[in-house]
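Engineer: As input, take target.txt (compact mmCIF, C-alpha atoms and all ligand atoms):
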# COMPACT_ATOMS: atom_id res chain seq x y z
CA LEU A 14 -7.28 -36.49 7.26
CA ILE A 15 -8.88 -37.37 10.62
CA LEU A 16 -6.73 -38.70 13.46
CA GLU A 17 -8.83 -40.52 16.07
CA SER A 18 -7.36 -39.41 19.39
CA LEU A 19 -7.98 -39.00 23.12
CA VAL A 20 -8.12 -35.47 24.49
CA THR A 21 -7.68 -34.46 28.12
CA THR A 22 -8.90 -31.06 29.28
CA LEU A 23 -9.43 -29.48 32.69
CA ASP A 24 -12.51 -27.65 33.90
CA GLU A 25 -12.33 -24.41 35.87
CA ASP A 26 -11.93 -26.36 39.14
CA GLY A 27 -9.09 -28.43 37.70
CA ALA A 28 -11.12 -31.65 37.26
CA VAL A 29 -9.85 -33.70 34.32
CA ASN A 30 -12.03 -34.83 31.40
CA LEU A 31 -10.98 -37.48 28.87
CA ALA A 32 -12.82 -37.83 25.55
CA PRO A 33 -12.21 -39.46 22.16
CA MET A 34 -12.02 -36.75 19.50
CA GLY A 35 -11.16 -36.88 15.81
CA PRO A 36 -9.21 -33.73 14.88
CA ILE A 37 -8.48 -32.82 11.28
CA VAL A 38 -4.74 -32.95 10.64
CA ASP A 39 -2.58 -32.23 7.61
CA ASP A 40 -1.01 -35.39 6.24
CA ASP A 41 2.25 -33.46 5.72
CA ASP A 42 2.23 -32.28 9.36
CA LEU A 43 2.61 -35.54 11.30
CA ASP A 44 4.16 -33.64 14.22
CA LEU A 45 0.75 -31.94 14.50
CA ARG A 46 2.14 -28.44 14.66
CA ARG A 47 -1.44 -27.37 13.93
CA PHE A 48 -4.71 -29.31 13.97
CA THR A 49 -8.43 -28.60 14.10
CA LEU A 50 -10.68 -30.10 16.76
CA ARG A 51 -14.42 -30.40 16.00
CA PRO A 52 -16.21 -30.93 19.35
CA PHE A 53 -19.97 -30.50 19.52
CA GLN A 54 -21.13 -27.72 21.86
CA THR A 55 -22.78 -30.42 24.00
CA THR A 56 -19.39 -31.92 25.00
CA THR A 57 -17.38 -31.21 28.12
CA THR A 58 -14.29 -31.00 25.90
CA TYR A 59 -15.78 -27.96 24.12
CA ARG A 60 -16.76 -26.26 27.38
CA ASN A 61 -13.31 -26.84 28.91
CA LEU A 62 -11.47 -25.63 25.79
CA LYS A 63 -13.63 -22.53 25.63
CA ALA A 64 -12.86 -21.76 29.28
CA ASN A 65 -9.17 -22.75 29.44
CA ARG A 66 -7.96 -22.81 25.83
CA GLN A 67 -5.47 -25.66 26.37
CA GLY A 68 -5.34 -29.45 26.60
CA VAL A 69 -3.44 -32.59 25.63
CA LEU A 70 -4.12 -34.74 22.56
CA HIS A 71 -2.99 -38.40 22.71
CA VAL A 72 -2.42 -40.93 19.94
CA THR A 73 -3.08 -44.45 21.19
CA ASP A 74 -3.77 -47.98 19.98
CA ASP A 75 -5.60 -48.86 23.22
CA VAL A 76 -9.14 -49.28 21.96
CA LEU A 77 -10.41 -50.46 25.35
CA LEU A 78 -9.46 -47.07 26.75
CA ILE A 79 -11.11 -45.33 23.79
CA ALA A 80 -14.27 -47.43 24.20
CA ARG A 81 -14.47 -46.77 27.95
CA ALA A 82 -13.91 -43.03 27.46
CA ALA A 83 -16.53 -42.89 24.70
CA ILE A 84 -19.29 -44.26 26.93
CA GLY A 85 -18.16 -42.72 30.22
CA ARG A 86 -17.14 -46.03 31.82
CA LEU A 87 -13.74 -44.97 33.07
CA ASP A 88 -12.44 -44.73 36.59
CA MET A 89 -10.39 -41.58 36.04
CA ALA A 90 -8.81 -41.82 39.50
CA SER A 91 -7.15 -45.13 38.58
CA LEU A 92 -5.81 -43.91 35.23
CA PRO A 93 -2.05 -43.18 35.36
CA MET A 94 -1.51 -39.50 34.46
CA ARG A 95 1.11 -36.83 35.06
CA ALA A 96 1.14 -33.05 34.86
CA ALA A 97 1.81 -31.67 31.38
CA ALA A 98 5.14 -29.87 30.91
CA VAL A 99 3.92 -26.64 29.31
CA VAL A 100 0.13 -26.41 29.41
CA HIS A 101 -2.15 -26.60 32.43
CA GLY A 102 -3.29 -30.16 31.80
CA LEU A 103 -2.68 -33.87 32.26
CA VAL A 104 -0.83 -36.44 30.11
CA LEU A 105 -1.96 -40.08 29.98
CA ARG A 106 1.08 -42.20 30.79
CA ASP A 107 -0.13 -45.06 28.62
CA CYS A 108 -0.23 -43.67 25.09
CA CYS A 109 1.93 -43.82 21.96
CA ARG A 110 2.51 -40.08 21.67
CA TYR A 111 0.97 -36.90 22.98
CA HIS A 112 0.72 -33.25 22.01
CA GLU A 113 0.19 -30.51 24.56
CA PHE A 114 -1.74 -27.78 22.77
CA ARG A 115 -3.09 -24.27 23.03
CA VAL A 116 -6.19 -22.97 21.26
CA LEU A 117 -5.42 -20.41 18.54
CA ASP A 118 -8.96 -19.87 17.33
CA LEU A 119 -12.40 -21.02 18.49
CA ASP A 120 -15.46 -20.69 16.25
CA ASP A 121 -18.69 -21.82 17.93
CA ARG A 122 -21.31 -20.39 15.59
CA ASP A 123 -22.35 -23.96 14.63
CA PRO A 124 -23.39 -26.80 16.99
CA ARG A 125 -20.21 -28.60 15.88
CA THR A 126 -17.46 -26.13 16.74
CA THR A 127 -14.15 -25.53 14.96
CA ILE A 128 -11.16 -25.14 17.26
CA VAL A 129 -7.74 -24.52 15.73
CA ALA A 130 -4.93 -25.65 18.03
CA GLU A 131 -1.14 -25.55 18.00
CA THR A 132 1.19 -28.03 19.66
CA VAL A 133 3.46 -26.39 22.23
CA ALA A 134 5.14 -29.56 23.57
CA SER A 135 5.02 -33.23 22.64
CA GLY A 136 6.45 -36.59 23.59
CA ARG A 137 6.63 -40.25 22.62
CA GLU A 138 5.95 -43.09 25.04
CA ARG A 139 5.87 -46.28 22.94
CA ASP A 140 5.39 -47.63 19.43
CA PHE A 141 1.97 -47.88 17.81
CA PHE A 142 0.87 -51.53 17.56
CA GLY A 143 0.07 -51.44 13.84
CA PHE A 144 -2.97 -52.45 11.81
CA ASN A 145 -5.43 -54.80 13.47
CA ARG A 146 -8.93 -55.29 12.11
CA ALA A 147 -10.48 -55.77 15.55
CA LYS A 148 -8.99 -52.50 16.82
CA HIS A 149 -10.52 -50.67 13.87
CA ALA A 150 -13.84 -52.44 14.39
CA VAL A 151 -13.90 -51.38 18.05
CA LEU A 152 -13.15 -47.80 16.99
CA GLU A 153 -16.15 -47.89 14.63
CA ALA A 154 -18.31 -49.46 17.35
CA ALA A 155 -17.26 -46.74 19.82
CA ILE A 156 -18.29 -44.03 17.37
CA LEU A 157 -21.65 -45.78 16.86
CA ALA A 158 -22.18 -45.95 20.64
CA THR A 159 -21.74 -42.17 20.87
CA ARG A 160 -24.31 -41.65 18.11
CA ILE A 161 -27.25 -43.38 19.84
CA GLY A 162 -30.26 -41.13 19.33
CA LEU A 163 -28.72 -39.63 16.18
CA ILE A 164 -28.58 -42.81 14.05
CA PRO A 165 -31.55 -45.26 14.00
CA ILE A 166 -30.96 -48.02 16.56
CA GLU A 167 -31.63 -50.72 13.92
CA GLN A 168 -28.77 -49.34 11.82
CA ILE A 169 -26.45 -49.35 14.86
CA ARG A 170 -27.37 -52.97 15.62
CA ALA A 171 -26.79 -54.03 12.00
CA GLU A 172 -23.38 -52.33 11.91
CA LEU A 173 -22.37 -53.93 15.22
CA GLU A 174 -23.29 -57.35 13.82
CA ARG A 175 -21.05 -56.72 10.83
CA LEU A 176 -18.20 -55.45 13.05
CA ALA A 177 -18.43 -58.58 15.24
CA ILE A 178 -16.88 -60.58 12.36
CA PRO A 179 -13.39 -58.96 12.35
CA VAL A 180 -13.52 -58.84 16.17
CA GLY A 181 -14.21 -62.59 16.27
CA LYS A 182 -11.38 -63.29 13.86
CA THR A 183 -8.60 -60.93 14.97
CA ALA A 184 -9.19 -59.54 18.50
CA GLY A 185 -7.04 -59.91 21.58
CA ARG A 186 -8.41 -59.80 25.12
CA ARG A 187 -8.70 -55.98 25.33
CA GLU A 188 -10.39 -55.65 21.93
CA ARG A 189 -12.91 -58.37 22.83
CA GLU A 190 -13.67 -56.75 26.18
CA ALA A 191 -14.07 -53.33 24.52
CA PHE A 192 -16.44 -54.66 21.87
CA GLU A 193 -18.57 -56.52 24.44
CA LEU A 194 -18.76 -53.37 26.57
CA LEU A 195 -19.98 -51.30 23.61
CA VAL A 196 -22.56 -53.89 22.49
CA ALA A 197 -23.93 -54.05 26.07
CA PHE A 198 -24.02 -50.24 26.23
CA VAL A 199 -26.06 -50.05 23.01
CA GLU A 200 -28.47 -52.75 24.18
CA GLU A 201 -28.95 -51.06 27.58
CA SER A 202 -29.63 -47.62 26.10
CA PRO A 203 -33.24 -46.36 26.40
CA THR A 204 -33.50 -46.01 22.59
CA ALA A 205 -32.63 -49.71 22.21
CA GLU A 206 -35.90 -50.59 23.93
CA GLU A 207 -37.87 -49.60 20.84
CA PRO A 208 -39.61 -52.61 19.25
CA ARG A 209 -37.22 -54.53 17.02
CA GLY A 210 -39.66 -54.47 14.07
C1 LIG A 301 -13.11 -42.31 17.77
C2 LIG A 301 -14.09 -41.24 18.19
C3 LIG A 301 -13.99 -39.96 17.66
C4 LIG A 301 -14.87 -38.94 18.07
N1 LIG A 301 -14.74 -37.68 17.55
C5 LIG A 301 -15.55 -36.69 17.97
C6 LIG A 301 -15.41 -35.35 17.48
O1 LIG A 301 -14.54 -35.05 16.65
N2 LIG A 301 -16.26 -34.40 17.96
C7 LIG A 301 -17.23 -34.69 18.91
O2 LIG A 301 -17.95 -33.80 19.33
N3 LIG A 301 -17.38 -35.96 19.37
C8 LIG A 301 -16.57 -36.95 18.93
N4 LIG A 301 -16.73 -38.21 19.41
C9 LIG A 301 -17.78 -38.46 20.42
C10 LIG A 301 -17.33 -37.99 21.79
O3 LIG A 301 -16.18 -38.69 22.20
C11 LIG A 301 -18.44 -38.25 22.81
O4 LIG A 301 -19.55 -37.46 22.50
C12 LIG A 301 -17.99 -37.97 24.21
O5 LIG A 301 -19.01 -38.39 25.08
C13 LIG A 301 -17.70 -36.50 24.46
O6 LIG A 301 -17.11 -36.46 25.73
P1 LIG A 301 -17.06 -35.17 26.63
O7 LIG A 301 -18.45 -34.65 26.81
O8 LIG A 301 -16.49 -35.73 27.92
O9 LIG A 301 -16.15 -34.16 25.99
C14 LIG A 301 -15.87 -39.25 19.01
C15 LIG A 301 -15.99 -40.54 19.53
C16 LIG A 301 -15.11 -41.54 19.13
C17 LIG A 301 -15.26 -42.91 19.71
Rewrite the structure of this file - the entire thing - as structure tokens.
Structural biologist:
Amino acid sequence: LILESLVTTLDEDGAVNLAPMGPIVDDDDLDLRRFTLRPFQTTTTYRNLKANRQGVLHVTDDVLLIARAAIGRLDMASLPMRAAAVVHGLVLRDCCRYHEFRVLDLDDRDPRTTIVAETVASGRERDFFGFNRAKHAVLEAAILATRIGLIPIEQIRAELERLAIPVGKTAGRREREAFELLVAFVEESPTAEEPRG
């Protein structure tokens, strides 16, 4: 089972990085005592975890934050964060729950790495909103936006058109803003300038 999350890590100079990541979790381990991150070697998250072997995983329903983090449109300085209790890392104040973790095992023989982590401290900030079709659509759109260059641009455009339907029907202000941001990002990407056939 994949749990779409937000991971903060620090680089060797202590600069924070925030990235959406989908770790594999056991569905009978909802406290996430152990989970497996799968960052590509191209990500900052991978480089930071290899260097520091610790971080913080957050569960959130804030898809605007996920969308902004996915496409690097976040002003990290204005994001409320506090020092983690146990690991050398930072906790997002606005999340549903968080898990401070340490790396138990890191296998980077493949481009997509396998990093087994264990929670060493965790906390709860607020309830999860619940199911909302627009939130899920934005999540899908954010994943598509991070796959530009890997998936044909025509396929990305077609999927965004389909996802616009639940957004139109069920979104609130943040979901609408997130979706518009992602659509604009896809359209502005160099690959999107290919002829539309
Ligand atoms: C919901 C969601 C889940 C994602 N899961 C992963 C993942 O498991 N592994 C990965 O390498 N990238 C994943 N991505 C893409 C990364 O977030 C994206 O490549 C990001 O730019 C990496 O950031 P970083 O270089 O700051 O670590 C995911 C994106 C989204 C929106």
Engineer: Let me have all residues with an atom within 7 Å of ligand LIG 301 (chain A), counting all atoms listed in the file, laid out as a list in words.
Structural biologist: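 Checked against 7 Å with all atoms listed in the file; the hits are Glu17, Ser18, Asn30, Leu31, Ala32, Pro33, Met34, Gly35, Pro36, Leu50, Arg51, Pro52, Phe53, Thr55, Thr56, Thr57, Thr58, Tyr59, Ile79, Ala80, Ala83, Ile84, Gly85, Arg125, Leu152, Ala155, Ile156 and Thr159 of chain A.
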Engineer: Between A:Ala154, A:Leu92, A:Leu87, A:Leu62, single out the one closest to Thr126 of chain A, counting only C-alpha atoms.
Structural biologist: A:Leu62
Engineer: Could you check which of A:Val151, A:Glu167, A:Glu200, A:Leu195 is closest to Gly181 of chain A, using all atoms listed in the file?
Structural biologist: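 For Gly181 of chain A, the nearest of the given residues is A:Val151.
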Engineer: So which residues touch Leu105 of chain A within 9 Å, counting all atoms listed in the file, skipping near sequence neighbours fewer than 6 positions away, as a count of residues only?
Structural biologist: 8
Engineer: What does the distance from atom CA of Val76 of chain A to atom CA of Ser135 of chain A come to in Å, to one decimal?
Structural biologist: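 Value for the atom CA of Val76 of chain A-atom CA of Ser135 of chain A distance: 21.4 Å.
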Engineer: Counting all atoms listed in the file, select every polymer residue within 10 Å of (-9.5, -28.6, 33.6) as defined in the file's coordinates, and provide the selection as a list in words.
Structural biologist: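 Answer for this query, in the requested form: Thr21, Thr22, Leu23, Asp24, Glu25, Asp26, Gly27, Ala28, Val29, Asn30, Thr57, Thr58, Arg60, Asn61, Leu62, Ala64, Asn65, Arg66, Gln67, Gly68, His101, Gly102 and Leu103 of chain A.
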Engineer: Using all atoms listed in the file, which residue out of A:Glu113, A:Asp44, A:Asp88, A:Asp107 lies closest to Arg139 of chain A?
Structural biologist: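 That would be A:Asp107, the residue with the smallest distance to Arg139 of chain A.
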Engineer: Between atom CA of Ile37 of chain A and atom CA of Val20 of chain A, what is the spacing in Å?
Structural biologist: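 Those two atoms sit 13.5 Å apart.
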Engineer: Let me make sure I understand: among A:Ala184, A:Val38, A:Ala158, A:Ile178, which one has the smallest atom-to-atom distance to Phe198 of chain A if we use all atoms listed in the file?
Structural biologist: A:Ala158
Engineer: Please compute the atom CA of Val129 of chain A-atom CA of Leu19 of chain A distance, one decimal, in Å.
Structural biologist: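 Interatomic distance, atom CA of Val129 of chain A to atom CA of Leu19 of chain A: 16.3 Å.
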Engineer: Using all atoms listed in the file, can you tell me which of A:Val104, A:Ile15, A:Leu45, A:Val99 comes closest to Ala130 of chain A?
Structural biologist: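 Of all the options, A:Leu45 lies closest to Ala130 of chain A.
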Engineer: Using all atoms listed in the file, which of A:Phe48, A:Leu163, A:Asp140, A:Ala171 sits nearest His112 of chain A?
Structural biologist: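 Of the candidates, the smallest distance to His112 of chain A is held by A:Phe48.
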Engineer: Do you know which residues are at most 7 Å from Leu176 of chain A counting all atoms listed in the file, after dropping those on the same chain fewer than 4 positions away, and could you put them as a ChimeraX atom specification?
Structural biologist: /A:150,172,180
